[in-house]
$ cat my_file.tsv   # TSV, C-alpha atoms
chain	number	residue	atom	x	y	z
A	1	MET	CA	-18.90	40.15	14.97
A	2	PRO	CA	-17.22	37.76	17.43
A	3	PRO	CA	-16.34	34.28	16.14
A	4	ILE	CA	-18.76	31.46	16.80
A	5	PRO	CA	-17.37	29.40	19.72
A	6	VAL	CA	-16.35	25.77	19.25
A	7	TYR	CA	-16.80	23.08	21.91
A	8	LEU	CA	-15.62	19.48	22.13
A	9	LYS	CA	-18.23	17.05	23.37
A	10	THR	CA	-16.11	14.62	25.36
A	11	ASP	CA	-18.88	13.30	27.66
A	12	GLU	CA	-22.38	12.20	26.72
A	13	GLN	CA	-23.72	13.99	29.84
A	14	MET	CA	-21.84	17.22	29.11
A	15	PRO	CA	-24.09	20.25	29.79
A	16	ARG	CA	-25.27	22.08	26.72
A	17	PRO	CA	-23.42	25.38	26.14
A	18	ALA	CA	-25.60	28.45	26.58
A	19	ASP	CA	-24.23	30.50	23.66
A	20	PRO	CA	-26.84	31.67	21.12
A	21	GLU	CA	-24.82	29.91	18.39
A	22	PHE	CA	-21.93	27.45	18.68
A	23	TYR	CA	-20.23	24.52	16.98
A	24	TRP	CA	-20.15	21.19	18.78
A	25	LEU	CA	-17.47	18.74	17.65
A	26	THR	CA	-18.72	15.26	18.49
A	27	GLN	CA	-18.06	11.62	17.74
A	28	ASN	CA	-20.67	11.93	14.98
A	29	GLY	CA	-19.06	14.96	13.37
A	30	ALA	CA	-19.47	18.73	13.66
A	31	PHE	CA	-22.85	20.28	14.51
A	32	PHE	CA	-24.02	23.86	14.18
A	33	CYS	CA	-26.13	24.52	17.28
A	34	ARG	CA	-28.50	27.32	18.16
A	35	ASN	CA	-30.22	28.39	21.38
A	36	HIS	CA	-33.14	30.38	19.99
A	37	PRO	CA	-35.93	31.83	22.18
A	38	PHE	CA	-38.36	29.43	20.48
A	39	PHE	CA	-36.16	26.33	19.94
A	40	ALA	CA	-32.80	24.68	20.59
A	41	SER	CA	-31.33	22.92	17.57
A	42	ASP	CA	-28.29	20.80	16.68
A	43	VAL	CA	-27.86	20.45	12.90
A	44	PRO	CA	-24.98	18.60	11.17
A	45	ALA	CA	-22.59	21.25	9.85
A	46	THR	CA	-22.63	21.40	6.05
A	47	ARG	CA	-19.81	23.95	5.77
A	48	PRO	CA	-16.31	24.09	7.27
A	49	VAL	CA	-16.22	25.13	10.91
A	50	GLN	CA	-15.19	28.76	10.38
A	51	PRO	CA	-13.33	29.40	13.67
A	52	LEU	CA	-10.94	26.52	12.89
A	53	ALA	CA	-7.80	26.95	10.80
A	54	PRO	CA	-7.66	25.00	7.49
A	55	HIS	CA	-5.64	21.80	7.30
A	56	GLU	CA	-4.76	19.32	4.56
A	57	PRO	CA	-3.68	15.64	4.68
A	58	GLN	CA	0.09	15.46	4.98
A	59	CYS	CA	2.86	13.05	5.88
A	60	VAL	CA	6.54	13.66	6.58
A	61	VAL	CA	8.45	10.59	5.38
A	62	ARG	CA	11.12	9.37	7.79
A	63	TYR	CA	11.86	5.97	6.27
A	64	PRO	CA	15.54	5.03	6.16
A	65	LYS	CA	16.49	4.74	2.50
A	66	VAL	CA	16.77	1.31	0.90
A	67	ARG	CA	20.23	0.68	-0.53
A	68	THR	CA	20.73	0.89	-4.28
A	69	LEU	CA	21.98	-2.70	-4.42
A	70	THR	CA	18.87	-3.97	-2.60
A	71	LEU	CA	16.55	-2.37	-5.16
A	72	GLU	CA	18.66	-3.74	-8.01
A	73	TYR	CA	18.34	-7.30	-6.65
A	74	ILE	CA	14.58	-6.85	-6.29
A	75	VAL	CA	14.28	-5.69	-9.90
A	76	GLY	CA	16.49	-8.61	-10.96
A	77	PHE	CA	14.07	-11.01	-9.25
A	78	PHE	CA	11.07	-9.40	-10.95
A	79	ASP	CA	12.86	-9.60	-14.29
A	80	ARG	CA	13.71	-13.31	-13.90
A	81	VAL	CA	10.15	-14.22	-12.95
A	82	TYR	CA	8.79	-12.29	-15.90
A	83	GLN	CA	11.25	-13.93	-18.28
A	84	GLN	CA	10.27	-17.39	-17.05
A	85	HIS	CA	6.52	-16.99	-16.61
A	86	HIS	CA	5.38	-13.61	-18.03
A	87	SER	CA	3.78	-13.08	-14.63
A	88	GLU	CA	3.65	-10.61	-11.79
A	89	SER	CA	5.63	-11.18	-8.58
A	90	VAL	CA	5.99	-9.57	-5.16
A	91	VAL	CA	8.54	-8.97	-2.41
A	92	LEU	CA	8.07	-7.63	1.11
A	93	LEU	CA	10.27	-5.14	2.94
A	94	LEU	CA	10.94	-5.99	6.57
A	95	TRP	CA	12.78	-3.75	9.02
A	96	ASP	CA	15.24	-5.53	11.33
A	97	LEU	CA	14.94	-3.74	14.67
A	98	ALA	CA	18.07	-5.35	16.11
A	99	ASN	CA	20.39	-4.51	13.21
A	100	GLN	CA	18.56	-1.39	12.00
A	101	ARG	CA	18.43	-2.43	8.37
A	102	TYR	CA	16.02	-3.67	5.72
A	103	ARG	CA	15.51	-7.33	4.90
A	104	ILE	CA	14.00	-8.61	1.66
A	105	TRP	CA	11.33	-11.26	2.22
A	106	VAL	CA	9.95	-13.18	-0.76
A	107	PRO	CA	6.66	-14.74	0.40
A	108	GLU	CA	4.94	-17.79	-1.01
A	109	GLN	CA	2.94	-16.45	-3.91
A	110	THR	CA	0.75	-17.53	-6.79
A	111	ALA	CA	0.75	-15.47	-9.97
A	112	THR	CA	-2.05	-15.80	-12.48
A	113	VAL	CA	-1.39	-15.32	-16.18
A	114	VAL	CA	-3.80	-15.31	-19.10
A	115	ARG	CA	-2.91	-17.30	-22.19
A	116	GLY	CA	-4.33	-15.91	-25.40
A	117	TRP	CA	-5.35	-17.89	-28.47
A	118	GLY	CA	-1.85	-17.57	-29.89
A	119	GLY	CA	-0.32	-19.02	-26.72
A	120	ARG	CA	1.17	-15.74	-25.52
A	121	ARG	CA	1.00	-15.20	-21.77
A	122	SER	CA	0.03	-11.90	-20.11
A	123	PRO	CA	0.26	-11.09	-16.37
A	124	LEU	CA	-3.08	-10.87	-14.54
A	125	ASP	CA	-2.42	-10.68	-10.79
A	126	VAL	CA	-0.39	-12.11	-7.91
A	127	SER	CA	-1.60	-13.36	-4.53
A	128	TYR	CA	0.54	-14.07	-1.51
A	129	LYS	CA	0.41	-15.14	2.09
A	130	LEU	CA	1.85	-12.87	4.74
A	131	PRO	CA	4.53	-14.40	6.95
A	132	VAL	CA	2.78	-15.04	10.28
A	133	PRO	CA	4.37	-14.63	12.65
A	134	LEU	CA	7.08	-12.31	11.37
A	135	PRO	CA	10.69	-13.14	12.26
A	136	PRO	CA	11.45	-11.93	15.82
A	137	ARG	CA	12.03	-8.18	16.11
A	138	HIS	CA	11.06	-7.47	12.52
A	139	LEU	CA	8.44	-5.05	11.21
A	140	LEU	CA	6.61	-5.30	7.90
A	141	VAL	CA	7.09	-1.79	6.49
A	142	GLY	CA	6.32	-2.14	2.80
A	143	ASP	CA	5.95	-4.23	-0.32
A	144	LEU	CA	6.82	-4.03	-3.99
A	145	HIS	CA	5.22	-5.94	-6.81
A	146	CYS	CA	5.87	-6.08	-10.52
A	147	HIS	CA	3.31	-5.46	-13.27
A	148	GLY	CA	5.43	-7.23	-15.84
A	149	ASN	CA	5.53	-5.38	-19.14
A	150	MET	CA	2.61	-3.16	-18.16
A	151	ALA	CA	2.93	0.36	-16.78
A	152	ALA	CA	3.65	1.04	-13.11
A	153	PHE	CA	0.42	2.35	-11.53
A	154	SER	CA	-1.86	1.62	-8.60
A	155	SER	CA	-4.84	-0.35	-9.87
A	156	ALA	CA	-8.21	-0.29	-8.15
A	157	THR	CA	-7.39	-3.74	-6.75
A	158	ASP	CA	-4.07	-2.48	-5.38
A	159	ARG	CA	-5.75	0.46	-3.67
A	160	ALA	CA	-8.50	-1.66	-2.13
A	161	ASP	CA	-6.09	-4.31	-0.84
A	162	GLU	CA	-3.63	-1.79	0.59
A	163	ARG	CA	-6.17	0.58	2.11
A	164	TYR	CA	-5.60	-0.50	5.69
A	165	ARG	CA	-2.07	-1.85	5.34
A	166	ASP	CA	0.09	1.01	6.53
A	167	GLY	CA	3.43	1.24	4.77
A	168	VAL	CA	5.14	1.83	1.45
A	169	HIS	CA	3.51	0.18	-1.57
A	170	GLY	CA	5.69	0.15	-4.66
A	171	ILE	CA	5.03	-1.01	-8.19
A	172	VAL	CA	7.61	-1.79	-10.84
A	173	GLY	CA	6.38	-1.72	-14.43
A	174	ARG	CA	7.81	-2.04	-17.93
A	175	ILE	CA	10.19	-4.67	-16.58
A	176	ASP	CA	11.27	-5.39	-20.17
A	177	ARG	CA	13.00	-2.00	-20.20
A	178	GLU	CA	16.08	-0.68	-18.40
A	179	PRO	CA	15.46	1.17	-16.24
A	180	PRO	CA	11.90	-0.02	-15.56
A	181	GLU	CA	9.14	2.27	-14.32
A	182	PHE	CA	8.63	2.89	-10.61
A	183	HIS	CA	5.48	4.02	-8.80
A	184	LEU	CA	5.45	4.50	-5.02
A	185	GLU	CA	2.78	5.45	-2.52
A	186	LEU	CA	2.61	5.48	1.27
A	187	SER	CA	-0.62	4.29	2.87
A	188	VAL	CA	-1.44	5.56	6.37
A	189	ASP	CA	-4.80	5.03	8.09
A	190	GLY	CA	-6.58	4.56	4.76
A	191	HIS	CA	-5.04	7.61	3.05
A	192	ARG	CA	-2.47	7.36	0.26
A	193	PHE	CA	0.42	9.76	-0.23
A	194	ALA	CA	2.36	9.87	-3.51
A	195	LEU	CA	6.11	9.36	-3.13
A	196	GLU	CA	9.13	10.03	-5.28
A	197	ARG	CA	11.50	7.10	-5.71
A	198	GLU	CA	14.31	9.11	-4.09
A	199	GLN	CA	12.32	9.38	-0.86
A	200	ILE	CA	12.63	5.62	-0.24
A	201	PHE	CA	15.55	4.36	-2.33
A	202	GLU	CA	19.12	5.60	-2.47
A	203	GLY	CA	19.21	5.11	-6.22
A	204	TYR	CA	19.11	2.66	-9.10
A	205	GLU	CA	21.63	1.89	-11.86
A	206	LYS	CA	20.86	-1.53	-13.34
A	207	ARG	CA	19.21	-4.79	-12.35
A	208	ARG	CA	21.26	-7.61	-10.90
A	209	HIS	CA	21.13	-10.92	-12.76
A	210	PHE	CA	21.91	-13.16	-9.79
A	211	VAL	CA	18.66	-14.32	-8.20
A	212	PRO	CA	18.66	-16.70	-5.21
A	213	ARG	CA	17.02	-20.00	-6.12
A	214	LYS	CA	14.98	-19.98	-2.92
A	215	TRP	CA	13.30	-16.75	-4.08
A	216	LEU	CA	12.24	-18.33	-7.36
A	217	GLU	CA	10.97	-21.43	-5.55
A	218	GLN	CA	8.42	-19.25	-3.75
A	219	VAL	CA	6.61	-18.51	-7.00
A	220	THR	CA	3.76	-20.68	-8.28
A	221	VAL	CA	2.17	-19.79	-11.61
A	222	LYS	CA	-1.41	-20.52	-12.65
A	223	ALA	CA	-2.43	-20.03	-16.27
A	224	GLU	CA	-5.94	-19.40	-17.54
A	225	ARG	CA	-7.35	-19.27	-21.03
A	226	PHE	CA	-8.61	-15.91	-22.18
A	227	GLY	CA	-12.06	-15.66	-20.61
A	228	GLY	CA	-11.13	-17.15	-17.23
A	229	ALA	CA	-11.11	-20.93	-17.72
A	230	PRO	CA	-8.28	-22.66	-15.82
A	231	LEU	CA	-5.60	-24.04	-18.11
A	232	VAL	CA	-2.60	-25.27	-16.19
A	233	SER	CA	-0.84	-24.87	-12.85
A	234	GLY	CA	2.91	-24.90	-12.44
A	235	GLY	CA	5.80	-23.74	-10.32
A	236	VAL	CA	6.86	-24.55	-6.81
A	237	GLY	CA	4.52	-24.15	-3.87
A	238	ARG	CA	1.37	-25.51	-2.28
A	239	PRO	CA	-2.24	-24.34	-2.00
A	240	LYS	CA	-2.83	-21.58	0.49
A	241	LYS	CA	-5.99	-20.56	2.35
A	242	GLU	CA	-5.27	-17.01	3.56
A	243	TRP	CA	-4.33	-14.51	0.90
A	244	TRP	CA	-3.49	-10.90	0.36
A	245	HIS	CA	-4.17	-9.93	-3.24
A	246	SER	CA	-2.02	-7.43	-5.06

$ encode --input "my_file.tsv" --output "structure tokens"
Amino acid sequence: MPPIPVYLKTDEQMPRPADPEFYWLTQNGAFFCRNHPFFASDVPATRPVQPLAPHEPQCVVRYPKVRTLTLEYIVGFFDRVYQQHHSESVVLLLWDLANQRYRIWVPEQTATVVRGWGGRRSPLDVSYKLPVPLPPRHLLVGDLHCHGNMAAFSSATDRADERYRDGVHGIVGRIDREPPEFHLELSVDGHRFALEREQIFEGYEKRRHFVPRKWLEQVTVKAERFGGAPLVSGGVGRPKKEWWHS
């Protein structure tokens, strides 16, 4: 039995094929169509289009690798913020087109922590404002944020916020350990691909303890009582109106 033909509908006025049975690939999806002596029908295809070869989502990663020292400074920043505030924090990865290298960008950010009845703080989330416009001839190619002493994983909030932000999204967890945990994914057109750390970073040995003061000055911390009531606001920064949440 010959395969059922497949047609692309590229024009709304395209003449209807005369085959007794055919698949029509349209803007609205695939249709199984029939030209029967008693009717002509176009029904949304409920099964894979058999004449087509199978295909799975895939992505070949071609990112230049981030230097070991760069990652160690980033982890050092996350560690210092956690030591001071028990909060999350975030950095952005920019690509310098002129010099063909990465640049760390620490955006203005507000981290929220929850203070329990015993006074102990726990990280809740971190919000930040994207640098607009970006420095000339720079691309925003990824971000990393720290979950504090919690595990490194993509939360539902992370996935929703990053759905249409193409690039590498990294999470550092268990920052109170050495080495900490790393979790990396690449988001492209709403699909997420799991990454190994070695695909993006040259390596990691130990965190660096020197942290530029201007990085720390970008962090504002807001504390809430357990249950959501505001408690206190501190840190360096100013209120912001446009936020990305991580």

$ atom_distance --input "my_file.tsv" --atom1 "atom CA of Phe77 of chain A" --atom2 "atom CA of Glu181 of chain A"
15.0 Å

$ closest_residue --input "my_file.tsv" --among "A:Pro133, A:Val168, A:Ala53, A:Asp125" --to "Ser155 of chain A" --atoms "all atoms listed in the file"
A:Asp125

$ residues_around --input "my_file.tsv" --residues "Tyr204 of chain A" --least-positions-apart "4" --cutoff "8 Å" --atoms "all atoms listed in the file" --output "PyMOL selection string"
chain A and resi 68-69+71-72

$ residues_around --input "my_file.tsv" --residues "Phe153 of chain A" --least-positions-apart "3" --cutoff "10 Å" --atoms "only C-alpha atoms" --output "ChimeraX atom specification"
/A:147,150,156,158,170-173,181-185

$ closest_residue --input "my_file.tsv" --among "A:Ala18, A:Ile200, A:Ala111, A:Leu25" --to "Thr220 of chain A" --atoms "all atoms listed in the file"
A:Ala111

$ atom_distance --input "my_file.tsv" --atom1 "atom CA of Pro51 of chain A" --atom2 "atom CA of Phe38 of chain A"
25.9 Å

$ residues_around --input "my_file.tsv" --residues "Gly116 of chain A" --least-positions-apart "3" --cutoff "7 Å" --atoms "only C-alpha atoms" --output "ChimeraX atom specification"
/A:119-121,225-226

$ atom_distance --input "my_file.tsv" --atom1 "atom CA of Leu144 of chain A" --atom2 "atom CA of Asp96 of chain A"
17.5 Å

$ residues_around --input "my_file.tsv" --residues "segment 3-14 of chain A" --least-positions-apart "6" --cutoff "10 Å" --atoms "all atoms listed in the file" --output "list in words"
Pro20, Glu21, Phe22, Tyr23, Trp24, Leu25, Thr26, Gln27, Ala30, Phe31, Phe32, Val49, Gln50, Pro51 and Leu52 of chain A

$ residues_around --input "my_file.tsv" --residues "Asp166 of chain A" --least-positions-apart "3" --cutoff "10 Å" --atoms "all atoms listed in the file" --output "number ranges by chain"
A: 140-142, 162-163, 169, 186-192

$ write_last_selection --input "my_file.tsv" --atoms "C-alpha atoms" --output "short mmCIF file (atom, residue, chain, number, x, y, z; two decimals), in the frame of the given file"
data_model
loop_
_atom_site.label_atom_id
_atom_site.label_comp_id
_atom_site.auth_asym_id
_atom_site.auth_seq_id
_atom_site.Cartn_x
_atom_site.Cartn_y
_atom_site.Cartn_z
CA LEU A 140 6.61 -5.30 7.90
CA VAL A 141 7.09 -1.79 6.49
CA GLY A 142 6.32 -2.14 2.80
CA GLU A 162 -3.63 -1.79 0.59
CA ARG A 163 -6.17 0.58 2.11
CA HIS A 169 3.51 0.18 -1.57
CA LEU A 186 2.61 5.48 1.27
CA SER A 187 -0.62 4.29 2.87
CA VAL A 188 -1.44 5.56 6.37
CA ASP A 189 -4.80 5.03 8.09
CA GLY A 190 -6.58 4.56 4.76
CA HIS A 191 -5.04 7.61 3.05
CA ARG A 192 -2.47 7.36 0.26
#

$ closest_atom_pairs --input "my_file.tsv" --of "segment 173-234 of chain A" --to "segment 78-86 of chain A" --cutoff "12 Å" --atoms "all atoms listed in the file" --output "CSV"
residue,atom,partner,partner_atom,distance
A:Gly173,CA,A:Phe78,CA,9.6
A:Arg174,CA,A:Asp79,CA,9.8
A:Ile175,CA,A:Asp79,CA,6.1
A:Asp176,CA,A:Asp79,CA,7.4
A:Arg177,CA,A:Asp79,CA,9.6
A:Glu178,CA,A:Asp79,CA,10.3
A:Pro179,CA,A:Asp79,CA,11.2
A:Pro180,CA,A:Asp79,CA,9.7
A:Lys206,CA,A:Asp79,CA,11.4
A:Arg207,CA,A:Asp79,CA,8.2
A:Arg208,CA,A:Asp79,CA,9.3
A:His209,CA,A:Arg80,CA,7.9
A:Phe210,CA,A:Arg80,CA,9.2
A:Val211,CA,A:Arg80,CA,7.6
A:Pro212,CA,A:Arg80,CA,10.6
A:Arg213,CA,A:Arg80,CA,10.8
A:Trp215,CA,A:Val81,CA,9.7
A:Leu216,CA,A:Val81,CA,7.2
A:Glu217,CA,A:Val81,CA,10.4
A:Gln218,CA,A:Val81,CA,10.6
A:Val219,CA,A:Val81,CA,8.1
A:Thr220,CA,A:His85,CA,9.5
A:Val221,CA,A:His85,CA,7.2
A:Lys222,CA,A:His85,CA,9.5
A:Ala223,CA,A:His85,CA,9.5
A:Ser233,CA,A:His85,CA,11.4
A:Gly234,CA,A:His85,CA,9.6

$ write_last_selection --input "my_file.tsv" --atoms "C-alpha atoms" --output "compact mmCIF listing (two decimals), in the coordinates of the input"
# COMPACT_ATOMS: atom_id res chain seq x y z
CA GLY A 173 6.38 -1.72 -14.43
CA ARG A 174 7.81 -2.04 -17.93
CA ILE A 175 10.19 -4.67 -16.58
CA ASP A 176 11.27 -5.39 -20.17
CA ARG A 177 13.00 -2.00 -20.20
CA GLU A 178 16.08 -0.68 -18.40
CA PRO A 179 15.46 1.17 -16.24
CA PRO A 180 11.90 -0.02 -15.56
CA LYS A 206 20.86 -1.53 -13.34
CA ARG A 207 19.21 -4.79 -12.35
CA ARG A 208 21.26 -7.61 -10.90
CA HIS A 209 21.13 -10.92 -12.76
CA PHE A 210 21.91 -13.16 -9.79
CA VAL A 211 18.66 -14.32 -8.20
CA PRO A 212 18.66 -16.70 -5.21
CA ARG A 213 17.02 -20.00 -6.12
CA TRP A 215 13.30 -16.75 -4.08
CA LEU A 216 12.24 -18.33 -7.36
CA GLU A 217 10.97 -21.43 -5.55
CA GLN A 218 8.42 -19.25 -3.75
CA VAL A 219 6.61 -18.51 -7.00
CA THR A 220 3.76 -20.68 -8.28
CA VAL A 221 2.17 -19.79 -11.61
CA LYS A 222 -1.41 -20.52 -12.65
CA ALA A 223 -2.43 -20.03 -16.27
CA SER A 233 -0.84 -24.87 -12.85
CA GLY A 234 2.91 -24.90 -12.44
